[in-house]
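Colleague: I am sharing model29.pdb, which consists of PDB, C-alpha atoms:
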```pdb
ATOM      1  CA  VAL U 470     161.055  74.134  10.762
ATOM      2  CA  PRO U 471     160.504  74.320   7.003
ATOM      3  CA  SER U 472     156.942  74.291   5.661
ATOM      4  CA  GLY U 473     157.721  71.231   3.516
ATOM      5  CA  MET U 474     158.698  69.160   6.555
ATOM      6  CA  ARG U 475     158.717  65.385   6.387
ATOM      7  CA  SER U 476     155.594  63.560   7.552
ATOM      8  CA  TRP U 477     156.744  61.090  10.240
ATOM      9  CA  GLY U 478     159.859  60.264  12.191
ATOM     10  CA  PHE U 479     158.530  56.728  12.698
ATOM     11  CA  TRP U 480     155.435  55.282  10.994
ATOM     12  CA  ILE U 481     154.231  51.994  12.507
ATOM     13  CA  ALA U 482     151.167  50.235  11.059
ATOM     14  CA  LYS U 483     149.498  46.979  10.016
ATOM     15  CA  ASP U 484     150.542  44.356  12.574
ATOM     16  CA  ILE U 485     153.999  45.526  13.550
ATOM     17  CA  ASP U 486     155.052  43.898  16.837
ATOM     18  CA  ASP U 487     157.999  43.921  19.237
ATOM     19  CA  ILE U 488     159.497  47.316  18.442
ATOM     20  CA  LEU U 489     162.133  49.059  20.544
ATOM     21  CA  ILE U 490     162.864  52.729  19.845
ATOM     22  CA  ASP U 491     165.621  53.726  22.255
ATOM     23  CA  HIS U 492     167.993  56.714  22.541
ATOM     24  CA  VAL U 493     166.884  58.545  19.388
ATOM     25  CA  THR U 494     166.100  62.169  18.661
ATOM     26  CA  ILE U 495     162.996  62.729  16.538
ATOM     27  CA  ASN U 496     163.054  66.366  15.462
ATOM     28  CA  GLY U 497     161.274  68.406  12.794
ATOM     29  CA  PHE U 498     158.555  66.118  11.460
ATOM     30  CA  SER U 499     154.824  66.586  11.244
ATOM     31  CA  ILE U 500     154.337  63.659  13.675
ATOM     32  CA  GLY U 501     157.306  62.291  15.606
ATOM     33  CA  VAL U 502     155.990  58.751  16.173
ATOM     34  CA  ASN U 503     152.823  57.800  14.283
ATOM     35  CA  ILE U 504     151.354  54.477  15.344
ATOM     36  CA  GLY U 505     148.848  53.820  12.593
ATOM     37  CA  SER U 506     145.616  51.911  12.852
ATOM     38  CA  SER U 507     145.749  48.163  13.006
ATOM     39  CA  GLN U 508     145.018  46.183   9.851
ATOM     40  CA  THR U 509     141.571  44.568  10.060
ATOM     41  CA  THR U 510     141.082  43.327   6.499
ATOM     42  CA  ASN U 511     143.152  41.190   4.131
ATOM     43  CA  LEU U 512     145.080  39.502   6.956
ATOM     44  CA  VAL U 513     147.671  36.938   5.879
ATOM     45  CA  ASN U 514     149.209  33.839   7.455
ATOM     46  CA  GLY U 515     148.357  34.163  11.127
ATOM     47  CA  SER U 516     148.412  37.939  11.362
ATOM     48  CA  ASP U 517     146.087  39.304  14.039
ATOM     49  CA  GLY U 518     146.309  42.784  12.495
ATOM     50  CA  LEU U 519     147.279  44.459  15.779
ATOM     51  CA  ASN U 520     150.315  46.607  16.549
ATOM     52  CA  GLU U 521     151.694  45.279  19.833
ATOM     53  CA  ARG U 522     154.614  45.566  22.263
ATOM     54  CA  LEU U 523     156.127  48.892  21.274
ATOM     55  CA  THR U 524     158.628  50.512  23.622
ATOM     56  CA  LEU U 525     159.705  54.134  23.213
ATOM     57  CA  ARG U 526     162.278  55.133  25.800
ATOM     58  CA  ASN U 527     165.232  57.386  26.565
ATOM     59  CA  SER U 528     164.497  59.559  23.531
ATOM     60  CA  LYS U 529     163.875  63.195  22.581
ATOM     61  CA  ILE U 530     160.719  63.933  20.629
ATOM     62  CA  ILE U 531     160.958  67.632  19.822
ATOM     63  CA  ASN U 532     159.781  70.294  17.381
ATOM     64  CA  ASN U 533     157.206  68.168  15.581
ATOM     65  CA  LYS U 534     154.480  70.228  13.920
ATOM     66  CA  SER U 535     151.328  68.227  14.742
ATOM     67  CA  GLN U 536     151.970  65.570  17.433
ATOM     68  CA  GLY U 537     154.953  64.194  19.305
ATOM     69  CA  LEU U 538     153.419  60.718  19.540
ATOM     70  CA  LEU U 539     150.072  59.694  18.021
ATOM     71  CA  GLY U 540     148.364  56.316  18.444
ATOM     72  CA  SER U 541     148.158  53.401  20.863
ATOM     73  CA  GLY U 542     148.282  49.634  21.057
ATOM     74  CA  ASN U 543     148.631  46.618  23.319
ATOM     75  CA  ASP U 544     151.494  46.314  25.794
ATOM     76  CA  TYR U 545     153.095  49.685  24.996
ATOM     77  CA  ILE U 546     155.733  51.340  27.163
ATOM     78  CA  ILE U 547     156.498  55.039  26.777
ATOM     79  CA  GLU U 548     159.118  55.929  29.366
ATOM     80  CA  ASN U 549     162.043  58.198  30.180
ATOM     81  CA  ASN U 550     161.483  60.456  27.153
ATOM     82  CA  TYR U 551     161.636  64.207  26.673
ATOM     83  CA  PHE U 552     158.748  65.702  24.671
ATOM     84  CA  ALA U 553     158.998  69.420  23.869
ATOM     85  CA  ASN U 554     157.511  71.883  21.395
ATOM     86  CA  ASN U 555     155.253  69.405  19.654
ATOM     87  CA  GLY U 556     151.956  70.525  18.133
ATOM     88  CA  PHE U 557     152.914  74.083  17.188
ATOM     89  CA  GLY U 558     151.680  73.894  13.586
ATOM     90  CA  ALA U 559     148.031  74.937  13.762
ATOM     91  CA  THR U 560     147.455  77.561  11.084
ATOM     92  CA  ASP U 561     144.288  78.631  12.912
ATOM     93  CA  VAL U 562     144.857  79.210  16.640
ATOM     94  CA  THR U 563     141.301  78.048  17.352
ATOM     95  CA  LEU U 564     142.414  74.551  16.245
ATOM     96  CA  ALA U 565     145.666  74.471  18.207
ATOM     97  CA  ASP U 566     144.051  72.569  21.084
ATOM     98  CA  ARG U 567     143.947  69.483  18.832
ATOM     99  CA  ASN U 568     147.745  69.142  18.882
ATOM    100  CA  HIS U 569     149.720  67.509  21.706
ATOM    101  CA  ASN U 570     153.049  66.202  22.931
ATOM    102  CA  ILE U 571     151.413  62.776  23.385
ATOM    103  CA  TYR U 572     148.049  61.871  21.851
ATOM    104  CA  TYR U 573     147.401  58.309  23.035
ATOM    105  CA  SER U 574     144.392  57.275  20.979
ATOM    106  CA  ALA U 575     143.130  54.708  18.504
ATOM    107  CA  SER U 576     139.886  53.386  17.083
ATOM    108  CA  GLN U 577     140.385  49.924  18.627
ATOM    109  CA  ASP U 578     140.587  49.158  22.350
ATOM    110  CA  SER U 579     144.018  48.526  23.831
ATOM    111  CA  HIS U 580     145.413  47.109  27.048
ATOM    112  CA  ASN U 581     148.463  47.104  29.327
ATOM    113  CA  ALA U 582     150.150  50.387  28.433
ATOM    114  CA  VAL U 583     152.541  52.370  30.616
ATOM    115  CA  ILE U 584     153.357  56.076  30.215
ATOM    116  CA  ARG U 585     155.885  56.982  32.894
ATOM    117  CA  ASN U 586     158.912  59.079  33.793
ATOM    118  CA  ASN U 587     158.553  61.379  30.776
ATOM    119  CA  GLU U 588     159.051  65.133  30.692
ATOM    120  CA  LEU U 589     156.462  67.056  28.664
ATOM    121  CA  TYR U 590     157.002  70.747  27.919
ATOM    122  CA  GLN U 591     155.743  73.405  25.488
ATOM    123  CA  SER U 592     152.653  71.692  24.115
ATOM    124  CA  ALA U 593     150.969  73.248  21.052
ATOM    125  CA  MET U 594     152.722  76.598  21.343
ATOM    126  CA  VAL U 595     151.006  79.279  19.236
ATOM    127  CA  ASP U 596     151.022  83.056  18.882
ATOM    128  CA  TYR U 597     147.459  83.958  19.917
ATOM    129  CA  ASP U 598     147.842  87.703  19.680
ATOM    130  CA  GLY U 599     150.155  87.953  16.669
ATOM    131  CA  ASN U 600     152.815  89.698  18.749
ATOM    132  CA  GLY U 601     155.409  86.909  18.686
ATOM    133  CA  THR U 602     154.614  85.627  22.197
ATOM    134  CA  LEU U 603     154.044  81.869  22.172
ATOM    135  CA  GLU U 604     151.590  80.265  24.586
ATOM    136  CA  CYS U 605     150.553  76.673  25.247
ATOM    137  CA  ALA U 606     147.195  75.907  23.613
ATOM    138  CA  GLY U 607     146.795  72.129  23.868
ATOM    139  CA  VAL U 608     146.801  69.402  26.490
ATOM    140  CA  SER U 609     150.271  67.909  26.827
ATOM    141  CA  LEU U 610     149.133  64.285  27.380
ATOM    142  CA  VAL U 611     145.746  63.239  25.958
ATOM    143  CA  VAL U 612     144.145  59.799  26.152
ATOM    144  CA  HIS U 613     141.078  59.077  23.989
ATOM    145  CA  GLY U 614     139.359  55.737  23.525
ATOM    146  CA  HIS U 615     139.138  52.617  25.666
ATOM    147  CA  HIS U 616     142.384  51.405  27.222
ATOM    148  CA  SER U 617     142.306  48.809  29.997
ATOM    149  CA  ASN U 618     145.161  48.639  32.507
ATOM    150  CA  LEU U 619     146.636  51.976  31.411
ATOM    151  CA  LEU U 620     149.194  53.300  33.900
ATOM    152  CA  ILE U 621     150.254  56.956  33.788
ATOM    153  CA  GLU U 622     152.805  57.752  36.503
ATOM    154  CA  ASN U 623     155.753  59.960  37.456
ATOM    155  CA  ASN U 624     155.576  62.260  34.428
ATOM    156  CA  TYR U 625     156.853  65.832  34.777
ATOM    157  CA  ILE U 626     154.518  68.118  32.849
ATOM    158  CA  HIS U 627     155.223  71.838  32.883
ATOM    159  CA  GLU U 628     154.935  75.106  30.996
ATOM    160  CA  ASP U 629     156.545  78.471  31.566
ATOM    161  CA  ILE U 630     154.751  80.877  33.908
ATOM    162  CA  GLY U 631     152.483  83.166  31.889
ATOM    163  CA  ALA U 632     152.759  81.041  28.733
ATOM    164  CA  VAL U 633     149.440  79.181  28.940
ATOM    165  CA  ARG U 634     145.894  79.706  27.679
ATOM    166  CA  GLY U 635     142.614  77.858  28.194
ATOM    167  CA  GLY U 636     142.905  74.285  26.953
ATOM    168  CA  CYS U 637     146.523  73.965  28.086
ATOM    169  CA  TRP U 638     146.072  71.179  30.603
ATOM    170  CA  GLY U 639     148.623  68.669  31.812
ATOM    171  CA  ILE U 640     146.684  65.413  31.316
ATOM    172  CA  SER U 641     143.235  64.716  29.867
ATOM    173  CA  VAL U 642     141.682  61.227  29.807
ATOM    174  CA  ASP U 643     138.387  60.897  27.928
ATOM    175  CA  PRO U 644     137.299  57.362  26.980
ATOM    176  CA  SER U 645     134.298  58.554  24.969
ATOM    177  CA  SER U 646     136.425  60.255  22.296
ATOM    178  CA  SER U 647     138.619  58.766  19.616
TER     179      SER U 647
END
```
Spell out the structure here as structure tokens.
Modeller:
Amino acid sequence: VPSGMRSWGFWIAKDIDDILIDHVTINGFSIGVNIGSSQTTNLVNGSDGLNERLTLRNSKIINNKSQGLLGSGNDYIIENNYFANNGFGATDVTLADRNHNIYYSASQDSHNAVIRNNELYQSAMVDYDGNGTLECAGVSLVVHGHHSNLLIENNYIHEDIGAVRGGCWGISVDPSSS
């Protein structure tokens, strides 16, 4: 992936509702799907400022330098997707654990999200020893912040045998972080 890679495959922010992303390949960006913070100031004509009802399904999110999916919101569905080789771009291997296939997080609370039937593979792959061998360095599916009624089910999360280091976990849920 070229060093001058594009920033986002999809950038969603400032009260964008009712989005369906279906059967797409998002390949070679810094962040595949970036769900930006909700707009809380300068609201116009009935806007609540929240990003709501996004569905990402049946898609490939691959080879994105920082994150496969970043962000969260109300009534989101992330299902039947293939996430692979996202988060490989840490220039310092000690920071690689901050990159993920899915980083479900936001500064505002969210509710009613579903993350199901996804395959997650090769999260934050880096060359620790400088010998060309790539190893997983970051959690594949991370949840930070407060999310009520969040359902995570039937996801297939895997790495190759011998290609993992400390910090390469399948799922991490930590409501105290954001």
Colleague: So what does the PyMOL selection byres ((chain U and resi 584) around 7) actually pick up in this one, as a list in words?
Modeller: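 Written out, the selection comes to Ile546, Ile547, Glu548, Ala582, Val583, Arg585, Leu620, Ile621 and Glu622 of chain U.
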Colleague: Quick one: which stretch 495-603 of chain U residues come within 12 Å of stretch 626-643 of chain U, and what is the nearest atom pair for each with the distance in Å to one decimal, counting all atoms listed in the file, rows ordered by chain and ascending number, as CSV?
Modeller:
```
residue,atom,partner,partner_atom,distance
U:Asn550,CA,U:Ile626,CA,11.8
U:Tyr551,CA,U:Ile626,CA,10.2
U:Phe552,CA,U:Ile626,CA,9.5
U:Ala553,CA,U:Glu628,CA,10.0
U:Asn554,CA,U:Glu628,CA,10.5
U:Gly556,CA,U:Cys637,CA,11.8
U:Val562,CA,U:Arg634,CA,11.1
U:Thr563,CA,U:Gly636,CA,10.4
U:Leu564,CA,U:Gly636,CA,10.7
U:Ala565,CA,U:Gly636,CA,9.2
U:Asp566,CA,U:Gly636,CA,6.2
U:Arg567,CA,U:Gly636,CA,9.5
U:Asn568,CA,U:Cys637,CA,10.5
U:His569,CA,U:Cys637,CA,9.6
U:Asn570,CA,U:Ile626,CA,10.2
U:Ile571,CA,U:Ile640,CA,9.6
U:Tyr572,CA,U:Ser641,CA,9.8
U:Tyr573,CA,U:Val642,CA,9.3
U:Ser574,CA,U:Asp643,CA,9.9
U:Ile584,CA,U:Ile640,CA,11.5
U:Arg585,CA,U:Ile626,CA,11.2
U:Asn586,CA,U:Ile626,CA,10.1
U:Asn587,CA,U:Ile626,CA,8.1
U:Glu588,CA,U:Ile626,CA,5.8
U:Leu589,CA,U:Ile626,CA,4.7
U:Tyr590,CA,U:His627,CA,5.4
U:Gln591,CA,U:Glu628,CA,5.8
U:Ser592,CA,U:Cys637,CA,7.6
U:Ala593,CA,U:Cys637,CA,8.4
U:Met594,CA,U:Ala632,CA,8.6
U:Val595,CA,U:Ala632,CA,9.8
U:Asp596,CA,U:Ala632,CA,10.2
U:Tyr597,CA,U:Arg634,CA,9.0
U:Asp598,CA,U:Arg634,CA,11.5
U:Gly601,CA,U:Ala632,CA,11.9
U:Thr602,CA,U:Ala632,CA,8.2
U:Leu603,CA,U:Ala632,CA,6.7
```
Colleague: Write a file of the selected residues as a compact mmCIF listing (two decimals), keeping the file's coordinate frame, keeping C-alpha atoms.
Modeller:
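As a result, out.txt now contains:
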```txt
# COMPACT_ATOMS: atom_id res chain seq x y z
CA ASN U 550 161.48 60.46 27.15
CA TYR U 551 161.64 64.21 26.67
CA PHE U 552 158.75 65.70 24.67
CA ALA U 553 159.00 69.42 23.87
CA ASN U 554 157.51 71.88 21.40
CA GLY U 556 151.96 70.53 18.13
CA VAL U 562 144.86 79.21 16.64
CA THR U 563 141.30 78.05 17.35
CA LEU U 564 142.41 74.55 16.24
CA ALA U 565 145.67 74.47 18.21
CA ASP U 566 144.05 72.57 21.08
CA ARG U 567 143.95 69.48 18.83
CA ASN U 568 147.74 69.14 18.88
CA HIS U 569 149.72 67.51 21.71
CA ASN U 570 153.05 66.20 22.93
CA ILE U 571 151.41 62.78 23.38
CA TYR U 572 148.05 61.87 21.85
CA TYR U 573 147.40 58.31 23.04
CA SER U 574 144.39 57.28 20.98
CA ILE U 584 153.36 56.08 30.22
CA ARG U 585 155.88 56.98 32.89
CA ASN U 586 158.91 59.08 33.79
CA ASN U 587 158.55 61.38 30.78
CA GLU U 588 159.05 65.13 30.69
CA LEU U 589 156.46 67.06 28.66
CA TYR U 590 157.00 70.75 27.92
CA GLN U 591 155.74 73.40 25.49
CA SER U 592 152.65 71.69 24.12
CA ALA U 593 150.97 73.25 21.05
CA MET U 594 152.72 76.60 21.34
CA VAL U 595 151.01 79.28 19.24
CA ASP U 596 151.02 83.06 18.88
CA TYR U 597 147.46 83.96 19.92
CA ASP U 598 147.84 87.70 19.68
CA GLY U 601 155.41 86.91 18.69
CA THR U 602 154.61 85.63 22.20
CA LEU U 603 154.04 81.87 22.17
```
Colleague: Assuming the chain letters and numbering stay as they are in my file, what does the PyMOL selection byres ((chain U and resi 577) around 8) actually select? List them as a PyMOL selection string.
Modeller: chain U and resi 507+575-576+578-579+614-615
Colleague: Which distance in Å separates atom CA of U:Leu489 and atom CA of U:Ser645, to one decimal?
Modeller: 29.7 Å
Colleague: Rank U:Asp487, U:Ser528, U:Glu604, U:Leu538 by their smallest atom-to-atom distance to U:Phe557, using only C-alpha atoms, and report the top residue only.
Modeller: U:Glu604
Colleague: Point out the residue among U:Arg522, U:Lys534, U:His613, U:Lys529 with the least atom-to-atom distance to U:Asn581, counting all atoms listed in the file.
Modeller: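 Result for the nearest residue to U:Asn581: U:Arg522.
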Colleague: Please write the residues picked by the PyMOL selection byres ((chain U and resi 543) around 6) on this file as a ChimeraX atom specification.
Modeller: /U:521,542,544-545,579-580
Colleague: Please determine an axis-aligned box that encloses all atoms of stretch 474-492 of chain U listed in the file, with 3 Å added on each side, and express its centre and edge lengths in Å to one decimal as lines of an AutoDock Vina configuration file.
Modeller:
```
center_x = 158.7
center_y = 56.5
center_z = 14.5
size_x = 24.5
size_y = 31.3
size_z = 22.2
```
Colleague: Quick one: distance from atom CA of U:Asp517 to atom CA of U:Gly478 in Å, one decimal?
Modeller: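 Going from atom CA of U:Asp517 over to atom CA of U:Gly478 covers 25.1 Å.
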Colleague: Please indicate the distance in Å from atom CA of U:Pro644 to atom CA of U:Val612, rounded to one decimal place.
Modeller: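 Here the two named atoms are 7.3 Å from each other.
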